[in-house]
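Chemist: Data: entry_30.cif, mmCIF, N, CA and C atoms.
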data_input
loop_
_atom_site.label_atom_id
_atom_site.label_comp_id
_atom_site.auth_asym_id
_atom_site.auth_seq_id
_atom_site.Cartn_x
_atom_site.Cartn_y
_atom_site.Cartn_z
N MET Y 1 46.92 -35.04 -131.98
CA MET Y 1 47.05 -34.37 -130.72
C MET Y 1 46.71 -35.33 -129.58
N GLU Y 2 45.98 -36.36 -129.87
CA GLU Y 2 45.58 -37.34 -128.87
C GLU Y 2 46.78 -37.98 -128.17
N ASN Y 3 47.84 -38.32 -128.92
CA ASN Y 3 48.97 -39.02 -128.32
C ASN Y 3 50.06 -38.08 -127.83
N GLU Y 4 49.86 -36.75 -127.93
CA GLU Y 4 50.84 -35.81 -127.39
C GLU Y 4 50.66 -35.74 -125.89
N LYS Y 5 51.77 -35.62 -125.16
CA LYS Y 5 51.68 -35.47 -123.72
C LYS Y 5 51.28 -34.05 -123.38
N THR Y 6 50.40 -33.91 -122.43
CA THR Y 6 49.98 -32.60 -121.98
C THR Y 6 50.78 -32.26 -120.74
N ILE Y 7 51.64 -31.27 -120.87
CA ILE Y 7 52.51 -30.88 -119.77
C ILE Y 7 51.68 -30.38 -118.59
N ALA Y 8 50.58 -29.70 -118.86
CA ALA Y 8 49.78 -29.07 -117.81
C ALA Y 8 49.29 -30.07 -116.78
N THR Y 9 48.94 -31.28 -117.19
CA THR Y 9 48.41 -32.25 -116.26
C THR Y 9 49.39 -33.39 -115.99
N GLN Y 10 50.55 -33.29 -116.51
CA GLN Y 10 51.53 -34.34 -116.40
C GLN Y 10 52.20 -34.31 -115.03
N THR Y 11 52.24 -35.47 -114.35
CA THR Y 11 52.91 -35.54 -113.06
C THR Y 11 54.28 -36.19 -113.21
N ALA Y 12 54.45 -36.99 -114.24
CA ALA Y 12 55.75 -37.63 -114.49
C ALA Y 12 56.69 -36.60 -115.11
N PRO Y 13 58.00 -36.84 -114.99
CA PRO Y 13 58.95 -35.91 -115.62
C PRO Y 13 58.72 -35.80 -117.13
N LEU Y 14 59.04 -34.66 -117.66
CA LEU Y 14 58.90 -34.38 -119.09
C LEU Y 14 59.81 -35.32 -119.89
N THR Y 15 59.34 -35.77 -121.03
CA THR Y 15 60.18 -36.60 -121.89
C THR Y 15 61.08 -35.71 -122.74
N SER Y 16 62.13 -36.29 -123.27
CA SER Y 16 63.02 -35.53 -124.15
C SER Y 16 62.26 -35.01 -125.36
N ALA Y 17 61.37 -35.82 -125.91
CA ALA Y 17 60.60 -35.41 -127.10
C ALA Y 17 59.72 -34.20 -126.78
N ALA Y 18 59.07 -34.19 -125.63
CA ALA Y 18 58.22 -33.06 -125.25
C ALA Y 18 59.06 -31.82 -124.99
N ALA Y 19 60.23 -31.99 -124.38
CA ALA Y 19 61.12 -30.85 -124.12
C ALA Y 19 61.63 -30.27 -125.44
N ILE Y 20 61.97 -31.13 -126.39
CA ILE Y 20 62.45 -30.66 -127.69
C ILE Y 20 61.34 -29.90 -128.41
N ALA Y 21 60.11 -30.38 -128.32
CA ALA Y 21 58.98 -29.69 -128.96
C ALA Y 21 58.78 -28.30 -128.34
N ALA Y 22 58.89 -28.21 -127.02
CA ALA Y 22 58.73 -26.92 -126.35
C ALA Y 22 59.86 -25.97 -126.72
N LEU Y 23 61.07 -26.46 -126.71
CA LEU Y 23 62.21 -25.61 -127.07
C LEU Y 23 62.14 -25.17 -128.53
N ALA Y 24 61.71 -26.07 -129.40
CA ALA Y 24 61.58 -25.72 -130.83
C ALA Y 24 60.52 -24.64 -131.00
N ALA Y 25 59.44 -24.73 -130.25
CA ALA Y 25 58.39 -23.72 -130.36
C ALA Y 25 58.90 -22.35 -129.92
N LEU Y 26 59.75 -22.32 -128.93
CA LEU Y 26 60.29 -21.06 -128.42
C LEU Y 26 61.47 -20.54 -129.24
N ALA Y 27 62.00 -21.35 -130.13
CA ALA Y 27 63.18 -20.99 -130.90
C ALA Y 27 62.83 -20.19 -132.15
N GLN Y 28 61.87 -19.30 -132.02
CA GLN Y 28 61.46 -18.43 -133.12
C GLN Y 28 61.09 -17.09 -132.49
N GLU Y 29 61.55 -16.00 -133.07
CA GLU Y 29 61.44 -14.69 -132.45
C GLU Y 29 60.01 -14.29 -132.08
N SER Y 30 59.07 -14.46 -132.99
CA SER Y 30 57.68 -14.06 -132.71
C SER Y 30 57.06 -14.93 -131.64
N ARG Y 31 57.28 -16.25 -131.70
CA ARG Y 31 56.71 -17.13 -130.69
C ARG Y 31 57.30 -16.86 -129.32
N LEU Y 32 58.59 -16.59 -129.26
CA LEU Y 32 59.21 -16.25 -127.99
C LEU Y 32 58.61 -14.96 -127.43
N ALA Y 33 58.39 -13.97 -128.29
CA ALA Y 33 57.79 -12.70 -127.86
C ALA Y 33 56.36 -12.92 -127.37
N VAL Y 34 55.60 -13.75 -128.06
CA VAL Y 34 54.22 -14.04 -127.64
C VAL Y 34 54.23 -14.72 -126.28
N PHE Y 35 55.09 -15.72 -126.12
CA PHE Y 35 55.13 -16.45 -124.85
C PHE Y 35 55.53 -15.53 -123.70
N ARG Y 36 56.53 -14.70 -123.91
CA ARG Y 36 56.97 -13.78 -122.86
C ARG Y 36 55.87 -12.78 -122.51
N LEU Y 37 55.14 -12.30 -123.52
CA LEU Y 37 54.03 -11.38 -123.27
C LEU Y 37 52.95 -12.06 -122.44
N LEU Y 38 52.63 -13.32 -122.76
CA LEU Y 38 51.61 -14.04 -122.01
C LEU Y 38 52.06 -14.36 -120.59
N VAL Y 39 53.34 -14.61 -120.39
CA VAL Y 39 53.85 -14.81 -119.03
C VAL Y 39 53.65 -13.53 -118.23
N GLN Y 40 53.95 -12.40 -118.85
CA GLN Y 40 53.77 -11.10 -118.18
C GLN Y 40 52.30 -10.81 -117.91
N ALA Y 41 51.42 -11.25 -118.78
CA ALA Y 41 49.99 -10.98 -118.62
C ALA Y 41 49.39 -11.72 -117.43
N GLY Y 42 50.01 -12.79 -117.02
CA GLY Y 42 49.51 -13.55 -115.88
C GLY Y 42 48.46 -14.57 -116.28
N PRO Y 43 47.87 -15.23 -115.29
CA PRO Y 43 46.93 -16.33 -115.57
C PRO Y 43 45.67 -15.90 -116.32
N GLU Y 44 45.30 -14.62 -116.24
CA GLU Y 44 44.10 -14.19 -116.96
C GLU Y 44 44.33 -14.13 -118.46
N GLY Y 45 45.57 -14.08 -118.92
CA GLY Y 45 45.90 -14.12 -120.33
C GLY Y 45 45.47 -12.88 -121.10
N MET Y 46 45.42 -13.02 -122.41
CA MET Y 46 45.08 -11.91 -123.30
C MET Y 46 44.31 -12.43 -124.50
N ALA Y 47 43.45 -11.57 -125.01
CA ALA Y 47 42.74 -11.90 -126.26
C ALA Y 47 43.73 -11.87 -127.41
N ALA Y 48 43.50 -12.70 -128.40
CA ALA Y 48 44.39 -12.76 -129.55
C ALA Y 48 44.55 -11.40 -130.21
N THR Y 49 43.48 -10.62 -130.27
CA THR Y 49 43.57 -9.29 -130.90
C THR Y 49 44.52 -8.38 -130.13
N LYS Y 50 44.51 -8.48 -128.81
CA LYS Y 50 45.40 -7.65 -127.97
C LYS Y 50 46.86 -8.09 -128.14
N ILE Y 51 47.08 -9.38 -128.28
CA ILE Y 51 48.43 -9.89 -128.51
C ILE Y 51 48.95 -9.36 -129.84
N ALA Y 52 48.11 -9.45 -130.87
CA ALA Y 52 48.50 -8.98 -132.21
C ALA Y 52 48.83 -7.50 -132.18
N GLU Y 53 48.03 -6.71 -131.48
CA GLU Y 53 48.28 -5.27 -131.38
C GLU Y 53 49.58 -4.98 -130.63
N ALA Y 54 49.76 -5.65 -129.50
CA ALA Y 54 50.93 -5.39 -128.66
C ALA Y 54 52.24 -5.72 -129.36
N LEU Y 55 52.22 -6.76 -130.19
CA LEU Y 55 53.46 -7.22 -130.83
C LEU Y 55 53.53 -6.87 -132.31
N ALA Y 56 52.52 -6.20 -132.83
CA ALA Y 56 52.47 -5.84 -134.25
C ALA Y 56 52.68 -7.07 -135.15
N ILE Y 57 51.91 -8.11 -134.86
CA ILE Y 57 51.94 -9.34 -135.65
C ILE Y 57 50.61 -9.47 -136.36
N ALA Y 58 50.64 -9.78 -137.64
CA ALA Y 58 49.42 -9.97 -138.42
C ALA Y 58 48.60 -11.12 -137.81
N PRO Y 59 47.28 -10.97 -137.76
CA PRO Y 59 46.44 -12.02 -137.16
C PRO Y 59 46.67 -13.41 -137.73
N SER Y 60 46.88 -13.53 -139.04
CA SER Y 60 47.10 -14.85 -139.62
C SER Y 60 48.42 -15.46 -139.14
N SER Y 61 49.45 -14.63 -139.03
CA SER Y 61 50.74 -15.12 -138.51
C SER Y 61 50.62 -15.46 -137.04
N LEU Y 62 49.92 -14.62 -136.28
CA LEU Y 62 49.75 -14.87 -134.86
C LEU Y 62 49.04 -16.19 -134.62
N SER Y 63 48.02 -16.46 -135.40
CA SER Y 63 47.28 -17.71 -135.28
C SER Y 63 48.21 -18.92 -135.44
N PHE Y 64 49.09 -18.85 -136.42
CA PHE Y 64 50.05 -19.93 -136.64
C PHE Y 64 50.98 -20.07 -135.43
N HIS Y 65 51.50 -18.96 -134.91
CA HIS Y 65 52.42 -19.02 -133.78
C HIS Y 65 51.74 -19.53 -132.51
N LEU Y 66 50.51 -19.09 -132.27
CA LEU Y 66 49.77 -19.58 -131.10
C LEU Y 66 49.50 -21.07 -131.20
N LYS Y 67 49.21 -21.54 -132.41
CA LYS Y 67 48.98 -22.97 -132.61
C LYS Y 67 50.24 -23.76 -132.28
N GLU Y 68 51.39 -23.27 -132.72
CA GLU Y 68 52.66 -23.95 -132.42
C GLU Y 68 52.93 -23.98 -130.92
N LEU Y 69 52.68 -22.87 -130.24
CA LEU Y 69 52.89 -22.83 -128.79
C LEU Y 69 51.90 -23.74 -128.07
N ALA Y 70 50.68 -23.81 -128.55
CA ALA Y 70 49.69 -24.70 -127.94
C ALA Y 70 50.07 -26.16 -128.14
N HIS Y 71 50.56 -26.51 -129.34
CA HIS Y 71 50.98 -27.89 -129.59
C HIS Y 71 52.15 -28.28 -128.70
N ALA Y 72 52.96 -27.32 -128.31
CA ALA Y 72 54.08 -27.58 -127.41
C ALA Y 72 53.65 -27.47 -125.94
N ASN Y 73 52.36 -27.27 -125.71
CA ASN Y 73 51.79 -27.18 -124.37
C ASN Y 73 52.34 -26.02 -123.56
N LEU Y 74 52.67 -24.94 -124.23
CA LEU Y 74 53.18 -23.75 -123.55
C LEU Y 74 52.12 -22.67 -123.39
N VAL Y 75 51.01 -22.77 -124.13
CA VAL Y 75 49.90 -21.84 -123.96
C VAL Y 75 48.60 -22.61 -123.93
N THR Y 76 47.60 -21.99 -123.31
CA THR Y 76 46.25 -22.55 -123.29
C THR Y 76 45.32 -21.54 -123.95
N ALA Y 77 44.20 -22.02 -124.42
CA ALA Y 77 43.21 -21.15 -125.06
C ALA Y 77 41.85 -21.43 -124.44
N SER Y 78 41.10 -20.37 -124.19
CA SER Y 78 39.75 -20.53 -123.69
C SER Y 78 38.85 -19.48 -124.34
N LYS Y 79 37.61 -19.83 -124.53
CA LYS Y 79 36.66 -18.94 -125.19
C LYS Y 79 36.03 -18.03 -124.15
N ALA Y 80 35.96 -16.75 -124.47
CA ALA Y 80 35.30 -15.76 -123.62
C ALA Y 80 34.43 -14.90 -124.53
N GLY Y 81 33.18 -15.25 -124.60
CA GLY Y 81 32.30 -14.55 -125.54
C GLY Y 81 32.71 -14.85 -126.96
N ARG Y 82 33.02 -13.79 -127.71
CA ARG Y 82 33.45 -13.97 -129.10
C ARG Y 82 34.96 -14.01 -129.24
N SER Y 83 35.66 -13.85 -128.13
CA SER Y 83 37.13 -13.82 -128.16
C SER Y 83 37.72 -15.13 -127.69
N ILE Y 84 38.93 -15.38 -128.11
CA ILE Y 84 39.70 -16.50 -127.56
C ILE Y 84 40.79 -15.87 -126.72
N ILE Y 85 40.86 -16.30 -125.47
CA ILE Y 85 41.85 -15.79 -124.54
C ILE Y 85 42.97 -16.80 -124.44
N TYR Y 86 44.18 -16.34 -124.68
CA TYR Y 86 45.37 -17.19 -124.58
C TYR Y 86 46.12 -16.84 -123.31
N ALA Y 87 46.64 -17.86 -122.66
CA ALA Y 87 47.40 -17.66 -121.43
C ALA Y 87 48.61 -18.59 -121.44
N ALA Y 88 49.66 -18.16 -120.77
CA ALA Y 88 50.83 -19.02 -120.63
C ALA Y 88 50.43 -20.24 -119.80
N ASN Y 89 50.94 -21.38 -120.18
CA ASN Y 89 50.71 -22.60 -119.42
C ASN Y 89 51.89 -22.71 -118.44
N TYR Y 90 51.68 -22.22 -117.23
CA TYR Y 90 52.76 -22.17 -116.25
C TYR Y 90 53.23 -23.56 -115.85
N ALA Y 91 52.32 -24.52 -115.82
CA ALA Y 91 52.72 -25.90 -115.53
C ALA Y 91 53.64 -26.43 -116.62
N GLY Y 92 53.33 -26.11 -117.86
CA GLY Y 92 54.19 -26.52 -118.98
C GLY Y 92 55.55 -25.85 -118.91
N MET Y 93 55.55 -24.56 -118.61
CA MET Y 93 56.81 -23.82 -118.47
C MET Y 93 57.65 -24.40 -117.34
N ASN Y 94 57.01 -24.64 -116.21
CA ASN Y 94 57.75 -25.20 -115.07
C ASN Y 94 58.23 -26.62 -115.34
N GLY Y 95 57.44 -27.38 -116.09
CA GLY Y 95 57.89 -28.72 -116.47
C GLY Y 95 59.13 -28.68 -117.34
N LEU Y 96 59.17 -27.72 -118.26
CA LEU Y 96 60.34 -27.57 -119.12
C LEU Y 96 61.56 -27.14 -118.30
N LEU Y 97 61.36 -26.18 -117.41
CA LEU Y 97 62.46 -25.74 -116.55
C LEU Y 97 62.96 -26.87 -115.67
N ALA Y 98 62.05 -27.66 -115.13
CA ALA Y 98 62.45 -28.80 -114.29
C ALA Y 98 63.25 -29.81 -115.12
N PHE Y 99 62.81 -30.05 -116.36
CA PHE Y 99 63.54 -30.98 -117.23
C PHE Y 99 64.96 -30.47 -117.48
N LEU Y 100 65.09 -29.17 -117.76
CA LEU Y 100 66.40 -28.60 -118.08
C LEU Y 100 67.34 -28.58 -116.88
N THR Y 101 66.80 -28.51 -115.69
CA THR Y 101 67.65 -28.40 -114.49
C THR Y 101 67.61 -29.66 -113.63
N GLU Y 102 67.08 -30.73 -114.16
CA GLU Y 102 66.88 -31.96 -113.40
C GLU Y 102 68.15 -32.46 -112.70
N ASN Y 103 69.24 -32.44 -113.37
CA ASN Y 103 70.48 -32.97 -112.79
C ASN Y 103 71.49 -31.86 -112.53
N CYS Y 104 70.99 -30.70 -112.21
CA CYS Y 104 71.84 -29.54 -111.97
C CYS Y 104 72.86 -29.83 -110.87
N CYS Y 105 74.09 -29.49 -111.13
CA CYS Y 105 75.18 -29.59 -110.16
C CYS Y 105 75.40 -31.02 -109.67
N ALA Y 106 75.05 -32.00 -110.46
CA ALA Y 106 75.26 -33.41 -110.15
C ALA Y 106 74.70 -33.79 -108.79
N GLY Y 107 73.58 -33.18 -108.42
CA GLY Y 107 72.94 -33.53 -107.16
C GLY Y 107 73.49 -32.81 -105.95
N ALA Y 108 74.55 -32.03 -106.12
CA ALA Y 108 75.12 -31.29 -105.00
C ALA Y 108 74.29 -30.03 -104.78
N THR Y 109 74.57 -29.34 -103.70
CA THR Y 109 73.93 -28.06 -103.47
C THR Y 109 74.12 -27.21 -104.71
N CYS Y 110 73.06 -26.56 -105.12
CA CYS Y 110 73.07 -25.84 -106.40
C CYS Y 110 74.22 -24.86 -106.48
N CYS Y 111 74.95 -24.95 -107.58
CA CYS Y 111 76.11 -24.09 -107.80
C CYS Y 111 75.80 -22.94 -108.77
N VAL Y 112 74.53 -22.86 -109.19
CA VAL Y 112 74.14 -21.81 -110.13
C VAL Y 112 74.05 -20.50 -109.38
N SER Y 113 74.74 -19.49 -109.88
CA SER Y 113 74.71 -18.19 -109.22
C SER Y 113 73.59 -17.34 -109.80
N GLU Y 114 73.20 -16.34 -109.05
CA GLU Y 114 72.18 -15.39 -109.50
C GLU Y 114 72.74 -14.59 -110.67
N PRO Y 115 71.90 -14.28 -111.67
CA PRO Y 115 72.38 -13.47 -112.79
C PRO Y 115 72.72 -12.05 -112.32
N THR Y 116 73.74 -11.49 -112.95
CA THR Y 116 74.12 -10.12 -112.63
C THR Y 116 73.67 -9.22 -113.75
N ASN Y 117 73.41 -7.98 -113.42
CA ASN Y 117 72.96 -7.02 -114.44
C ASN Y 117 74.10 -6.31 -115.06
#
Mind turning the file's structure into structure tokens?
Modeler:
Amino acid sequence: MENEKTIATQTAPLTSAAAIAALAALAQESRLAVFRLLVQAGPEGMAATKIAEALAIAPSSLSFHLKELAHANLVTASKAGRSIIYAANYAGMNGLLAFLTENCCAGATCCVSEPTN
């Protein structure tokens, strides 16, 4: 983990390897659901037990998924008493989005339209 780039504190653009790791972490149904739930929860995050309850994921499976998201720098963990609180790493998410849209519209005024319902 020492030589992995930390998106949260990274000021340089994301590398392809870090972007691939983040996308790979999100390319699984449970991990995507966990990440989306944590984004909705906001910066205060959620205890692992609450995540497991909300998504009906077994604690052992959830632990594995949270570890994968943390290795991809998409979630952070902090201790609060006897609980571990997980939160979306918004800097990591924004770094990934910036990487994906870096050369959007070949430098011209953005041509991406708003999504329609």
Chemist: Within 9 Å of Y:Ile84, counting only C-alpha atoms, which residues qualify if same-chain residues fewer than 6 places away don't, as a PyMOL selection string?
Modeler: chain Y and resi 46-49+77-78
Chemist: Applied to this file, what does the PyMOL selection byres (((chain Y and resi 65 and name CA) around 12) and name CA) return in terms of residues, put as an MDAnalysis selection string?
Modeler: chainID Y and resid 24:35 48 51:52 57:64 66:72 74:75 86
Chemist: Taking the chain letters and numbering used in this document, name the residues of chain Y that DSSP puts in strand (DSSP E or B), as a ChimeraX atom specification.
Modeler: /Y:46-47,75-80,83-88
Chemist: Using DSSP secondary structure from the backbone, list all alpha helix (DSSP H) positions within stretch 32-106 of chain Y, as a ChimeraX atom specification.
Modeler: /Y:32-41,48-55,59-71,90-100
Chemist: Nearest to Y:Gly42: which of Y:Asn73, Y:Leu96, Y:Cys105, Y:Ala88 is it, counting only C-alpha atoms?
Modeler: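 Of Y:Asn73, Y:Leu96, Y:Cys105, Y:Ala88, the one nearest Y:Gly42, counting only C-alpha atoms, is Y:Ala88.
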Chemist: Using 8 Å as the limit and counting all atoms listed in the file, can you tabulate each residue of stretch 82-101 of chain Y that touches stretch 12-18 of chain Y, with its shortest atom-to-atom distance in Å and the two atoms involved, as a Markdown table?
Modeler:
| residue | atom | partner | partner_atom | distance |
| --- | --- | --- | --- | --- |
| Y:Gly95 | C | Y:Leu14 | CA | 6.0 |
| Y:Leu96 | N | Y:Leu14 | CA | 6.7 |
| Y:Ala98 | C | Y:Leu14 | N | 6.9 |
| Y:Phe99 | CA | Y:Leu14 | N | 5.8 |
Chemist: Using Å and a single decimal, report how far atom CA of Y:Ile85 sits from atom CA of Y:Leu100.
Modeler: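 Atom-to-atom, atom CA of Y:Leu100 to atom CA of Y:Ile85, that is 28.4 Å.
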Chemist: In Å, how far is it from atom C of Y:Leu97 to atom CA of Y:Ala19?
Modeler: 9.5 Å
Chemist: Please report the interatomic distance between atom CA of Y:Leu37 and atom CA of Y:Ala21 in Å with one decimal.
Modeler: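 We find that atom CA of Y:Leu37 and atom CA of Y:Ala21 lie 19.8 Å from each other.
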